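Structure file protein28.tsv; described as TSV, C-alpha atoms.
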```tsv
chain	number	residue	atom	x	y	z
T	1	MET	CA	-57.38	22.63	91.06
T	2	ARG	CA	-60.68	24.08	92.21
T	3	PRO	CA	-61.41	24.37	95.95
T	4	GLU	CA	-64.08	21.93	97.13
T	5	PRO	CA	-66.74	23.02	99.62
T	6	ASP	CA	-66.99	21.15	102.86
T	7	PRO	CA	-69.65	18.43	102.40
T	8	ALA	CA	-71.15	19.54	105.70
T	9	ASP	CA	-72.17	22.73	103.89
T	10	ASP	CA	-73.45	20.96	100.78
T	11	ARG	CA	-77.20	21.34	100.37
T	12	ARG	CA	-79.00	19.64	97.51
T	13	THR	CA	-82.18	21.11	96.03
T	14	THR	CA	-83.87	17.75	96.65
T	15	PRO	CA	-83.55	16.39	100.21
T	16	ILE	CA	-81.59	13.18	100.73
T	17	ARG	CA	-84.15	10.40	101.21
T	18	VAL	CA	-83.19	8.02	104.04
T	19	LEU	CA	-84.60	4.72	105.30
T	20	VAL	CA	-83.89	4.20	109.03
T	21	VAL	CA	-83.53	0.59	110.19
T	22	ASP	CA	-83.31	-0.32	113.87
T	23	ASP	CA	-85.22	-2.76	116.08
T	24	GLN	CA	-85.49	-0.25	118.94
T	25	SER	CA	-88.21	2.36	118.56
T	26	PHE	CA	-86.41	5.00	120.66
T	27	MET	CA	-83.38	4.68	118.37
T	28	ARG	CA	-85.51	5.16	115.26
T	29	ILE	CA	-87.07	8.27	116.80
T	30	ALA	CA	-83.65	9.62	117.80
T	31	LEU	CA	-82.16	8.99	114.36
T	32	ARG	CA	-85.12	10.69	112.67
T	33	GLN	CA	-84.60	13.79	114.84
T	34	ILE	CA	-80.86	13.77	114.18
T	35	LEU	CA	-81.21	13.36	110.43
T	36	GLU	CA	-84.01	15.89	109.90
T	37	ALA	CA	-82.53	18.58	112.15
T	38	GLU	CA	-81.19	20.75	109.30
T	39	GLY	CA	-83.82	20.25	106.59
T	40	ASP	CA	-81.74	18.73	103.78
T	41	ILE	CA	-82.35	15.11	104.84
T	42	ARG	CA	-85.78	13.46	104.99
T	43	VAL	CA	-86.61	10.11	106.58
T	44	VAL	CA	-88.95	8.34	104.14
T	45	GLY	CA	-89.43	5.12	106.08
T	46	GLU	CA	-88.59	3.11	109.19
T	47	ALA	CA	-87.95	-0.63	109.46
T	48	GLN	CA	-87.52	-2.74	112.60
T	49	ASN	CA	-85.50	-5.64	111.16
T	50	GLY	CA	-83.47	-6.71	108.17
T	51	LEU	CA	-86.34	-8.41	106.34
T	52	GLU	CA	-88.41	-5.23	106.44
T	53	ALA	CA	-85.35	-3.24	105.36
T	54	VAL	CA	-84.77	-5.36	102.24
T	55	LYS	CA	-88.45	-5.08	101.26
T	56	MET	CA	-88.69	-1.32	101.91
T	57	ALA	CA	-85.40	-0.62	100.12
T	58	GLY	CA	-86.95	-2.07	96.96
T	59	GLU	CA	-90.23	-0.22	97.40
T	60	LEU	CA	-89.01	3.21	98.55
T	61	LYS	CA	-85.72	3.36	96.60
T	62	PRO	CA	-84.08	5.65	99.18
T	63	ASP	CA	-80.83	7.51	98.52
T	64	ALA	CA	-79.39	6.08	101.74
T	65	ILE	CA	-80.10	3.62	104.56
T	66	THR	CA	-78.95	3.73	108.18
T	67	LEU	CA	-78.71	0.11	109.26
T	68	ASP	CA	-78.41	-1.31	112.77
T	69	VAL	CA	-76.23	-4.41	113.16
T	70	GLU	CA	-78.04	-6.53	115.75
T	71	MET	CA	-81.73	-7.11	114.88
T	72	PRO	CA	-84.18	-10.04	114.96
T	73	GLU	CA	-85.26	-12.13	111.92
T	74	MET	CA	-82.44	-10.80	109.73
T	75	ASP	CA	-79.45	-8.92	111.15
T	76	GLY	CA	-77.81	-5.86	109.63
T	77	LEU	CA	-74.98	-7.77	107.95
T	78	GLN	CA	-77.37	-10.05	106.06
T	79	ALA	CA	-79.60	-7.13	105.14
T	80	CYS	CA	-76.60	-5.12	103.96
T	81	ALA	CA	-75.50	-7.94	101.65
T	82	GLU	CA	-79.03	-8.45	100.31
T	83	ILE	CA	-79.61	-4.74	99.63
T	84	ALA	CA	-76.17	-4.20	98.08
T	85	ARG	CA	-76.70	-7.19	95.82
T	86	GLY	CA	-80.27	-6.54	94.73
T	87	ALA	CA	-81.46	-2.95	95.15
T	88	GLU	CA	-81.53	-0.73	92.05
T	89	PRO	CA	-80.55	2.03	92.21
T	90	ARG	CA	-78.14	0.96	94.94
T	91	PRO	CA	-78.54	3.10	98.08
T	92	VAL	CA	-75.69	4.31	100.27
T	93	ILE	CA	-75.64	2.13	103.41
T	94	ILE	CA	-74.34	3.60	106.67
T	95	MET	CA	-74.02	1.05	109.48
T	96	VAL	CA	-74.91	2.22	113.00
T	97	SER	CA	-73.00	-0.12	115.31
T	98	ALA	CA	-72.48	-0.52	119.03
T	99	HIS	CA	-69.23	0.92	120.35
T	100	THR	CA	-67.90	-2.52	121.29
T	101	GLN	CA	-65.34	-4.86	119.73
T	102	ALA	CA	-68.17	-7.04	118.38
T	103	GLY	CA	-69.84	-3.94	116.93
T	104	ALA	CA	-66.55	-2.81	115.40
T	105	ASP	CA	-65.95	-6.22	113.82
T	106	ALA	CA	-69.46	-6.22	112.34
T	107	ALA	CA	-69.18	-2.65	111.00
T	108	VAL	CA	-65.89	-3.34	109.23
T	109	LYS	CA	-67.25	-6.63	107.86
T	110	ALA	CA	-70.24	-4.69	106.49
T	111	LEU	CA	-67.85	-2.52	104.44
T	112	ARG	CA	-66.85	-5.70	102.62
T	113	PHE	CA	-70.54	-6.58	102.07
T	114	GLY	CA	-71.30	-3.26	100.39
T	115	ALA	CA	-71.77	-0.69	103.18
T	116	ALA	CA	-70.27	2.70	102.50
T	117	ASP	CA	-69.42	3.77	106.04
T	118	PHE	CA	-70.38	3.47	109.70
T	119	VAL	CA	-70.92	5.44	112.88
T	120	SER	CA	-70.90	4.09	116.39
T	121	LYS	CA	-73.90	4.56	118.68
T	122	SER	CA	-71.74	6.25	121.29
T	123	SER	CA	-70.88	9.01	118.80
T	124	VAL	CA	-74.53	9.35	117.79
T	125	PHE	CA	-75.51	9.96	121.42
T	126	ALA	CA	-72.48	12.04	122.36
T	127	LYS	CA	-74.78	14.86	123.57
T	128	THR	CA	-78.19	14.78	125.15
T	129	ASP	CA	-79.60	17.64	123.05
T	130	LEU	CA	-80.39	15.82	119.79
T	131	ALA	CA	-80.82	19.08	117.88
T	132	HIS	CA	-77.19	19.98	118.53
T	133	ILE	CA	-75.39	16.65	118.72
T	134	ASP	CA	-72.26	15.85	116.78
T	135	SER	CA	-73.09	15.90	113.06
T	136	GLU	CA	-71.02	12.86	112.05
T	137	LEU	CA	-73.96	10.91	110.65
T	138	ARG	CA	-75.34	13.85	108.64
T	139	ARG	CA	-71.88	14.74	107.32
T	140	LYS	CA	-71.25	11.19	106.16
T	141	LEU	CA	-74.61	10.93	104.44
T	142	ARG	CA	-74.01	14.20	102.60
T	143	ALA	CA	-70.49	13.16	101.63
T	144	TRP	CA	-71.56	9.83	100.16
T	145	VAL	CA	-74.80	10.94	98.49
T	146	LYS	CA	-73.69	14.30	97.06
T	147	PRO	CA	-73.00	14.45	93.31
T	148	ARG	CA	-69.39	13.72	92.41
T	149	ALA	CA	-67.29	16.51	90.91
T	150	VAL	CA	-66.41	15.99	87.27
T	151	PRO	CA	-62.67	16.46	86.64
T	152	GLN	CA	-61.76	19.27	84.27
T	153	ALA	CA	-59.83	18.16	81.21
T	154	GLY	CA	-56.46	19.81	80.85
T	155	ALA	CA	-56.52	21.49	84.24
T	156	ASN	CA	-53.53	23.81	84.66
T	157	LEU	CA	-51.58	22.25	87.51
T	158	PRO	CA	-48.05	23.33	88.42
T	159	PRO	CA	-45.40	20.67	87.81
T	160	PRO	CA	-45.16	18.20	90.73
T	161	HIS	CA	-42.01	17.34	92.61
T	162	ARG	CA	-39.95	14.67	90.87
T	163	GLU	CA	-37.59	12.63	93.02
T	164	ALA	CA	-34.09	11.89	91.74
T	165	ALA	CA	-33.46	8.73	89.72
T	166	GLY	CA	-33.00	5.76	92.03
T	167	TRP	CA	-34.62	7.51	95.03
T	168	ARG	CA	-36.73	5.33	97.29
T	169	PRO	CA	-38.48	5.96	100.60
T	170	ASP	CA	-37.41	4.33	103.83
T	171	ILE	CA	-40.91	4.87	105.28
T	172	ILE	CA	-44.31	5.70	103.76
T	173	VAL	CA	-46.94	7.59	105.81
T	174	ILE	CA	-50.60	7.70	104.73
T	175	ALA	CA	-53.57	9.85	105.80
T	176	ALA	CA	-57.22	8.89	105.23
T	177	SER	CA	-60.67	9.68	106.62
T	178	THR	CA	-64.16	9.33	105.07
T	179	GLY	CA	-63.99	6.66	102.37
T	180	GLY	CA	-60.58	5.59	103.66
T	181	PRO	CA	-61.20	1.86	104.24
T	182	GLN	CA	-62.21	1.37	100.60
T	183	ALA	CA	-59.38	3.60	99.34
T	184	LEU	CA	-56.80	1.76	101.46
T	185	THR	CA	-58.05	-1.61	100.19
T	186	ALA	CA	-57.64	-0.43	96.59
T	187	LEU	CA	-54.25	1.17	97.27
T	188	LEU	CA	-52.69	-1.84	99.00
T	189	SER	CA	-54.21	-4.29	96.52
T	190	GLY	CA	-52.49	-2.38	93.72
T	191	HIS	CA	-48.91	-3.07	94.80
T	192	THR	CA	-46.89	-5.85	96.37
T	193	PRO	CA	-45.39	-5.53	99.88
T	194	VAL	CA	-42.40	-3.20	99.74
T	195	ALA	CA	-39.05	-3.02	101.53
T	196	ALA	CA	-40.10	-0.15	103.78
T	197	PRO	CA	-42.72	0.19	106.54
T	198	ILE	CA	-46.07	1.81	105.78
T	199	VAL	CA	-47.85	3.67	108.61
T	200	ILE	CA	-51.48	4.79	108.29
T	201	ALA	CA	-53.49	7.43	110.15
T	202	GLN	CA	-57.11	6.51	109.36
T	203	HIS	CA	-59.62	8.60	111.31
T	204	MET	CA	-61.57	6.05	113.35
T	205	PRO	CA	-62.81	5.46	116.90
T	206	GLU	CA	-60.98	3.10	119.23
T	207	LEU	CA	-61.69	-0.62	118.69
T	208	PHE	CA	-62.40	-0.20	114.98
T	209	THR	CA	-58.83	-0.12	113.68
T	210	ALA	CA	-58.08	-3.66	114.90
T	211	SER	CA	-61.00	-4.93	112.82
T	212	LEU	CA	-59.90	-2.84	109.83
T	213	ALA	CA	-56.36	-4.21	110.06
T	214	GLN	CA	-57.68	-7.77	109.91
T	215	ALA	CA	-59.92	-6.95	106.94
T	216	LEU	CA	-57.11	-5.22	105.03
T	217	ALA	CA	-54.76	-8.14	105.65
T	218	HIS	CA	-57.39	-10.57	104.38
T	219	ASP	CA	-58.33	-8.53	101.32
T	220	THR	CA	-54.91	-7.29	100.18
T	221	GLY	CA	-52.39	-9.97	101.15
T	222	HIS	CA	-50.23	-7.45	103.02
T	223	GLU	CA	-49.05	-7.91	106.60
T	224	VAL	CA	-51.35	-5.37	108.26
T	225	ARG	CA	-51.45	-4.89	112.03
T	226	GLU	CA	-52.81	-2.42	114.54
T	227	GLY	CA	-49.94	-0.52	116.10
T	228	SER	CA	-48.85	-0.45	119.73
T	229	HIS	CA	-46.49	1.77	121.70
T	230	ARG	CA	-42.85	1.31	120.68
T	231	LEU	CA	-43.73	-1.21	117.96
T	232	ALA	CA	-40.81	-1.63	115.56
T	233	LEU	CA	-41.78	-0.48	112.06
T	234	THR	CA	-40.32	-3.18	109.85
T	235	PRO	CA	-40.01	-3.45	106.06
T	236	HIS	CA	-42.92	-5.16	104.24
T	237	SER	CA	-45.33	-4.31	107.09
T	238	VAL	CA	-48.37	-2.03	107.19
T	239	THR	CA	-49.28	-0.49	110.55
T	240	LEU	CA	-52.57	1.22	111.46
T	241	ILE	CA	-52.34	3.72	114.31
T	242	PRO	CA	-54.97	2.66	116.90
T	243	GLY	CA	-58.29	4.47	116.62
T	244	GLY	CA	-58.81	7.36	119.01
T	245	ARG	CA	-55.04	7.65	119.59
T	246	ASP	CA	-52.24	9.47	117.79
T	247	GLY	CA	-48.98	8.01	116.60
T	248	ILE	CA	-45.59	9.40	115.64
T	249	VAL	CA	-42.51	7.93	114.00
T	250	ALA	CA	-39.47	7.84	116.27
T	251	PRO	CA	-35.94	6.42	116.02
T	252	CYS	CA	-35.64	2.84	117.27
T	253	ARG	CA	-32.78	1.97	119.63
T	254	SER	CA	-31.84	-1.02	117.51
T	255	GLY	CA	-31.96	1.07	114.32
T	256	GLY	CA	-34.74	2.01	111.96
T	257	TYR	CA	-38.01	3.41	113.28
T	258	GLU	CA	-40.69	2.63	115.84
T	259	LEU	CA	-44.23	3.81	116.50
T	260	ARG	CA	-44.86	5.85	119.63
T	261	LEU	CA	-48.43	6.44	120.78
T	262	VAL	CA	-49.19	9.94	122.03
T	263	GLN	CA	-52.29	12.09	122.55
T	264	MET	CA	-52.41	15.32	120.60
T	265	GLU	CA	-54.89	18.16	120.93
T	266	GLY	CA	-57.78	18.35	118.50
T	267	ASN	CA	-60.86	16.36	117.57
T	268	LEU	CA	-59.46	14.11	114.83
T	269	HIS	CA	-57.58	10.98	115.80
T	270	PRO	CA	-55.31	9.47	114.70
T	271	SER	CA	-53.79	12.80	113.64
T	272	ALA	CA	-52.29	12.76	110.15
T	273	ASN	CA	-50.41	15.98	110.86
T	274	ALA	CA	-48.69	14.43	113.88
T	275	LEU	CA	-47.68	11.36	111.86
T	276	PHE	CA	-46.44	13.32	108.84
T	277	GLU	CA	-44.55	15.94	110.85
T	278	SER	CA	-42.76	13.27	112.88
T	279	ALA	CA	-41.75	11.44	109.69
T	280	ALA	CA	-40.41	14.69	108.23
T	281	LEU	CA	-38.41	15.28	111.42
T	282	VAL	CA	-36.79	11.90	112.02
T	283	ALA	CA	-36.91	9.83	108.80
T	284	THR	CA	-34.13	9.92	106.24
T	285	ALA	CA	-36.32	9.50	103.15
T	286	PRO	CA	-40.06	9.55	103.99
T	287	ALA	CA	-42.89	9.75	101.47
T	288	GLY	CA	-46.42	10.95	102.20
T	289	ILE	CA	-49.78	9.99	100.71
T	290	VAL	CA	-53.07	11.82	101.39
T	291	LEU	CA	-56.27	9.96	100.51
T	292	THR	CA	-59.98	10.79	100.64
T	293	GLY	CA	-61.34	12.63	103.66
T	294	MET	CA	-63.10	15.77	104.86
T	295	GLY	CA	-61.29	18.64	106.52
T	296	ASP	CA	-57.62	19.56	106.32
T	297	ASP	CA	-55.81	17.08	108.56
T	298	GLY	CA	-52.50	16.21	106.91
T	299	ALA	CA	-52.01	19.59	105.21
T	300	LYS	CA	-49.46	20.89	107.73
T	301	GLY	CA	-47.70	17.55	107.74
T	302	ALA	CA	-47.61	17.43	103.93
T	303	SER	CA	-46.02	20.88	103.95
T	304	ALA	CA	-43.35	19.65	106.39
T	305	LEU	CA	-42.56	16.72	104.12
T	306	ARG	CA	-42.31	18.94	101.05
T	307	ARG	CA	-39.97	21.33	102.89
T	308	LYS	CA	-37.75	18.31	103.44
T	309	GLY	CA	-37.76	17.80	99.67
T	310	VAL	CA	-39.53	14.42	99.60
T	311	PRO	CA	-42.61	13.42	97.55
T	312	VAL	CA	-46.21	13.82	98.68
T	313	LEU	CA	-48.85	12.09	96.55
T	314	VAL	CA	-52.48	13.18	96.93
T	315	GLN	CA	-55.51	11.33	95.65
T	316	ASP	CA	-57.22	13.10	92.76
T	317	PRO	CA	-60.18	14.84	94.47
T	318	ALA	CA	-62.42	13.91	91.54
T	319	THR	CA	-62.01	10.26	92.58
T	320	CYS	CA	-62.54	10.87	96.32
T	321	ILE	CA	-65.68	10.37	98.37
T	322	VAL	CA	-64.64	13.68	99.99
T	323	GLY	CA	-61.79	15.67	98.47
T	324	GLY	CA	-61.17	18.00	101.41
T	325	MET	CA	-57.96	16.46	102.76
T	326	PRO	CA	-56.22	16.04	99.37
T	327	GLN	CA	-57.32	19.56	98.35
T	328	ALA	CA	-55.95	21.04	101.58
T	329	ALA	CA	-52.64	19.20	101.28
T	330	TYR	CA	-52.24	20.30	97.68
T	331	ALA	CA	-52.95	23.92	98.60
T	332	ALA	CA	-50.57	23.92	101.58
T	333	ALA	CA	-47.63	21.98	100.14
T	334	ALA	CA	-46.16	23.11	96.82
T	335	GLY	CA	-45.15	20.28	94.53
T	336	CYS	CA	-47.65	17.61	95.59
T	337	GLU	CA	-48.52	15.19	92.82
T	338	VAL	CA	-52.23	14.56	92.09
T	339	LEU	CA	-52.90	10.94	91.10
T	340	SER	CA	-55.66	8.34	91.02
T	341	ILE	CA	-55.30	5.44	93.47
T	342	PRO	CA	-54.09	2.98	90.78
T	343	ARG	CA	-51.37	5.45	89.79
T	344	ILE	CA	-50.35	5.98	93.43
T	345	SER	CA	-50.00	2.19	93.79
T	346	ALA	CA	-47.96	2.08	90.60
T	347	ARG	CA	-45.67	4.85	91.89
T	348	ILE	CA	-45.03	2.92	95.12
T	349	GLU	CA	-44.21	-0.20	93.12
T	350	ALA	CA	-41.90	1.78	90.83
T	351	TRP	CA	-39.93	3.30	93.71
T	352	PHE	CA	-38.83	-0.12	94.84
T	353	LYS	CA	-38.48	-1.83	91.47
T	354	LYS	CA	-36.14	0.78	90.07
T	355	ALA	CA	-34.08	0.82	93.26
T	356	GLY	CA	-33.71	-2.94	93.48
T	357	ALA	CA	-34.81	-5.35	96.17
T	358	GLU	CA	-32.32	-4.39	98.89
T	359	THR	CA	-33.61	-2.96	102.15
T	360	PRO	CA	-32.59	0.63	103.04
T	361	ALA	CA	-29.65	0.75	105.44
T	362	SER	CA	-31.70	2.82	107.89
T	363	LEU	CA	-34.00	-0.19	108.38
T	364	THR	CA	-31.71	-3.23	108.30
T	365	ARG	CA	-31.21	-3.39	112.06
T	366	ASN	CA	-34.98	-3.80	112.54
T	367	LEU	CA	-34.95	-7.12	110.69
```

File written out as structure tokens:
Amino acid sequence: MRPEPDPADDRRTTPIRVLVVDDQSFMRIALRQILEAEGDIRVVGEAQNGLEAVKMAGELKPDAITLDVEMPEMDGLQACAEIARGAEPRPVIIMVSAHTQAGADAAVKALRFGAADFVSKSSVFAKTDLAHIDSELRRKLRAWVKPRAVPQAGANLPPPHREAAGWRPDIIVIAASTGGPQALTALLSGHTPVAAPIVIAQHMPELFTASLAQALAHDTGHEVREGSHRLALTPHSVTLIPGGRDGIVAPCRSGGYELRLVQMEGNLHPSANALFESAALVATAPAGIVLTGMGDDGAKGASALRRKGVPVLVQDPATCIVGGMPQAAYAAAAGCEVLSIPRISARIEAWFKKAGAETPASLTRNL
């Protein structure tokens, strides 16, 4: 497996062409300064409402569009749906939403309408010096627009860990970041609810994970909820750790496991390492899954799980929006298995089919 450069360092020969859409002129000016600060992104047009955005998307054919949610004449959600349905070639759409519950709901809904990702306005204006602000928006544009790696046929990978016949997890922990909402939708849609809890660390700001949980429940048919402190982790449930917080697996007084909310050091929350390391420490038979994302969160936790002798499945980086997290986990934890999302879903289904429908004894007292 070849190492993948951080998308933040990826520079194309041709600049990424971006259409900026916002009804406030100061926001358009700020976004232009943010995007053009490092030379590899060029703003090719500005629109003040959704109607203008749809028209200019067809005329300019940008690589990407930053799209405000609340605008006159046609809002960002309508424009997103129109552009995703009609523009050829289809641009990458990044929603720029208010850091409110309404903004979070709209941003997550836009993912279902064809948007690739979102940033909140509070993160865009995290610093007053626009030339040195947090680079979240630029990183996401580069990650989504950069050319995809082509998988090498017959790559020489060491043999992955193989669990014993009849083995099944009593908890599944999942890490995801950039591209995660789409990957999670595909993963959960690919298997039926299983007789073990699933806990997810998806890098997101506060407020957004509640909206994502509702969208995943609607789109996949699973029981998906945003977690809370000391929430019992029950079989057949999927729990998202709240955005901006960290969560660990802990023993439950009545048996089984519960979620405990904590605050770890670092810039990425929820922390995949914290979740994975806690599962390795307290769970009898955990399994880990690392999906698309930039950086290396989850690598230390994947190593802890592998030292325990349990499986860690990583998404094939060639199928990721950003392969950094799966690459890092694979490099850190010997014996990880590299699979596409459909094959990860199939593996989850197989764990429980071959073991029968009974619930693990470690979880029965949570029912």

Between T:Ile321, T:Gly243, T:Ala250, T:Ala79, smallest distance to T:Leu212 by all atoms listed in the file belongs to T:Gly243

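Our summary of the geometry notes that atom CA of T:Arg138 is positioned 20.6 Å from atom CA of T:Gly244.
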
Shortest contact to T:Ala47, candidates T:Arg307, T:Arg168, T:Arg28, T:Arg17, atoms counted all atoms listed in the file, goes to T:Arg28

From the list T:Asp219, T:Gln48, T:Val314, T:Thr284, the nearest residue to T:Trp167 using only C-alpha atoms is T:Thr284

Produce a table with one row for each residue of stretch 189-256 of chain T that has an atom at most 12 Å from any atom of stretch 90-110 of chain T, each row naming the nearest atom pair and its distance in Å at one decimal; use only C-alpha atoms; arrange rows by chain and rising residue number; format as a Markdown table.
```
| residue | atom | partner | partner_atom | distance |
| --- | --- | --- | --- | --- |
| T:Met204 | CA | T:Ala104 | CA | 10.4 |
| T:Pro205 | CA | T:His99 | CA | 8.6 |
| T:Glu206 | CA | T:His99 | CA | 8.6 |
| T:Leu207 | CA | T:Gln101 | CA | 5.7 |
| T:Phe208 | CA | T:Ala104 | CA | 4.9 |
| T:Thr209 | CA | T:Ala104 | CA | 8.4 |
| T:Ala210 | CA | T:Asp105 | CA | 8.3 |
| T:Ser211 | CA | T:Asp105 | CA | 5.2 |
| T:Leu212 | CA | T:Val108 | CA | 6.0 |
| T:Ala213 | CA | T:Val108 | CA | 9.6 |
| T:Gln214 | CA | T:Asp105 | CA | 9.3 |
| T:Ala215 | CA | T:Val108 | CA | 7.3 |
| T:Leu216 | CA | T:Val108 | CA | 9.9 |
| T:His218 | CA | T:Lys109 | CA | 11.2 |
| T:Asp219 | CA | T:Lys109 | CA | 11.2 |
| T:Gly243 | CA | T:Ala104 | CA | 11.1 |
```

Neighbouring residues of T:Arg85 were defined as those with any atom within 12 Å, considering all atoms listed in the file; residues of the same chain fewer than 3 positions away were excluded. Please report them as a ChimeraX atom specification. /T:54,57-58,78-82,88-91,113-115

Just need the box for stretch 282-291 of chain T, edges along x, y and z, holding every atom the file lists for it with 4 Å tacked onto each side, so centre and edge lengths in Å to one decimal, as lines of an AutoDock Vina configuration file.
```
center_x = -45.2
center_y = 10.7
center_z = 106.3
size_x = 30.1
size_y = 10.4
size_z = 19.5
```

Between atom CA of T:Pro270 and atom CA of T:Thr292 - distance in Å to one decimal: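 Atom-to-atom, atom CA of T:Thr292 to atom CA of T:Pro270, that is 14.9 Å.
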
Check: Hey, can you check how far atom CA of T:Ala318 sits from atom CA of T:Leu291?
Finding: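 Taking atom CA of T:Ala318 and atom CA of T:Leu291, their separation equals 11.6 Å.
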
Next item on the list: Skip T:Leu233 itself and residues of its chain fewer than 2 positions away, then list as a list of chain:residue names all residues within 10 Å of it, counting all atoms listed in the file.
Entry: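 Surrounding residues, per the criterion: T:Ile171, T:Ala196, T:Pro197, T:Ile198, T:Val199, T:Gly227, T:Arg230, T:Leu231, T:Pro235, T:His236, T:Ser237, T:Val238, T:Thr239, T:Val249, T:Ala250, T:Pro251, T:Cys252, T:Gly256, T:Tyr257, T:Glu258, T:Leu259, T:Leu363, T:Asn366, T:Leu367.
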
So that I have them on file, write out the residues from the current selection with C-alpha atoms, as a CSV table (one decimal), in the coordinates of the input.
```
chain,number,residue,atom,x,y,z
T,171,ILE,CA,-40.9,4.9,105.3
T,196,ALA,CA,-40.1,-0.2,103.8
T,197,PRO,CA,-42.7,0.2,106.5
T,198,ILE,CA,-46.1,1.8,105.8
T,199,VAL,CA,-47.8,3.7,108.6
T,227,GLY,CA,-49.9,-0.5,116.1
T,230,ARG,CA,-42.8,1.3,120.7
T,231,LEU,CA,-43.7,-1.2,118.0
T,235,PRO,CA,-40.0,-3.4,106.1
T,236,HIS,CA,-42.9,-5.2,104.2
T,237,SER,CA,-45.3,-4.3,107.1
T,238,VAL,CA,-48.4,-2.0,107.2
T,239,THR,CA,-49.3,-0.5,110.6
T,249,VAL,CA,-42.5,7.9,114.0
T,250,ALA,CA,-39.5,7.8,116.3
T,251,PRO,CA,-35.9,6.4,116.0
T,252,CYS,CA,-35.6,2.8,117.3
T,256,GLY,CA,-34.7,2.0,112.0
T,257,TYR,CA,-38.0,3.4,113.3
T,258,GLU,CA,-40.7,2.6,115.8
T,259,LEU,CA,-44.2,3.8,116.5
T,363,LEU,CA,-34.0,-0.2,108.4
T,366,ASN,CA,-35.0,-3.8,112.5
T,367,LEU,CA,-35.0,-7.1,110.7
```

Counting only C-alpha atoms, the residue among T:Thr185, T:Gln24, T:Thr234, T:Thr192 that lies closest to T:Arg347 is T:Thr192

For T:Gln327, the closest of T:Ala64, T:Ala299, T:Val21, T:Ala37 counting all atoms listed in the file is T:Ala299

From the list T:Ala285, T:Ile174, T:His203, T:Ala232, the nearest residue to T:Arg245 using all atoms listed in the file is T:His203
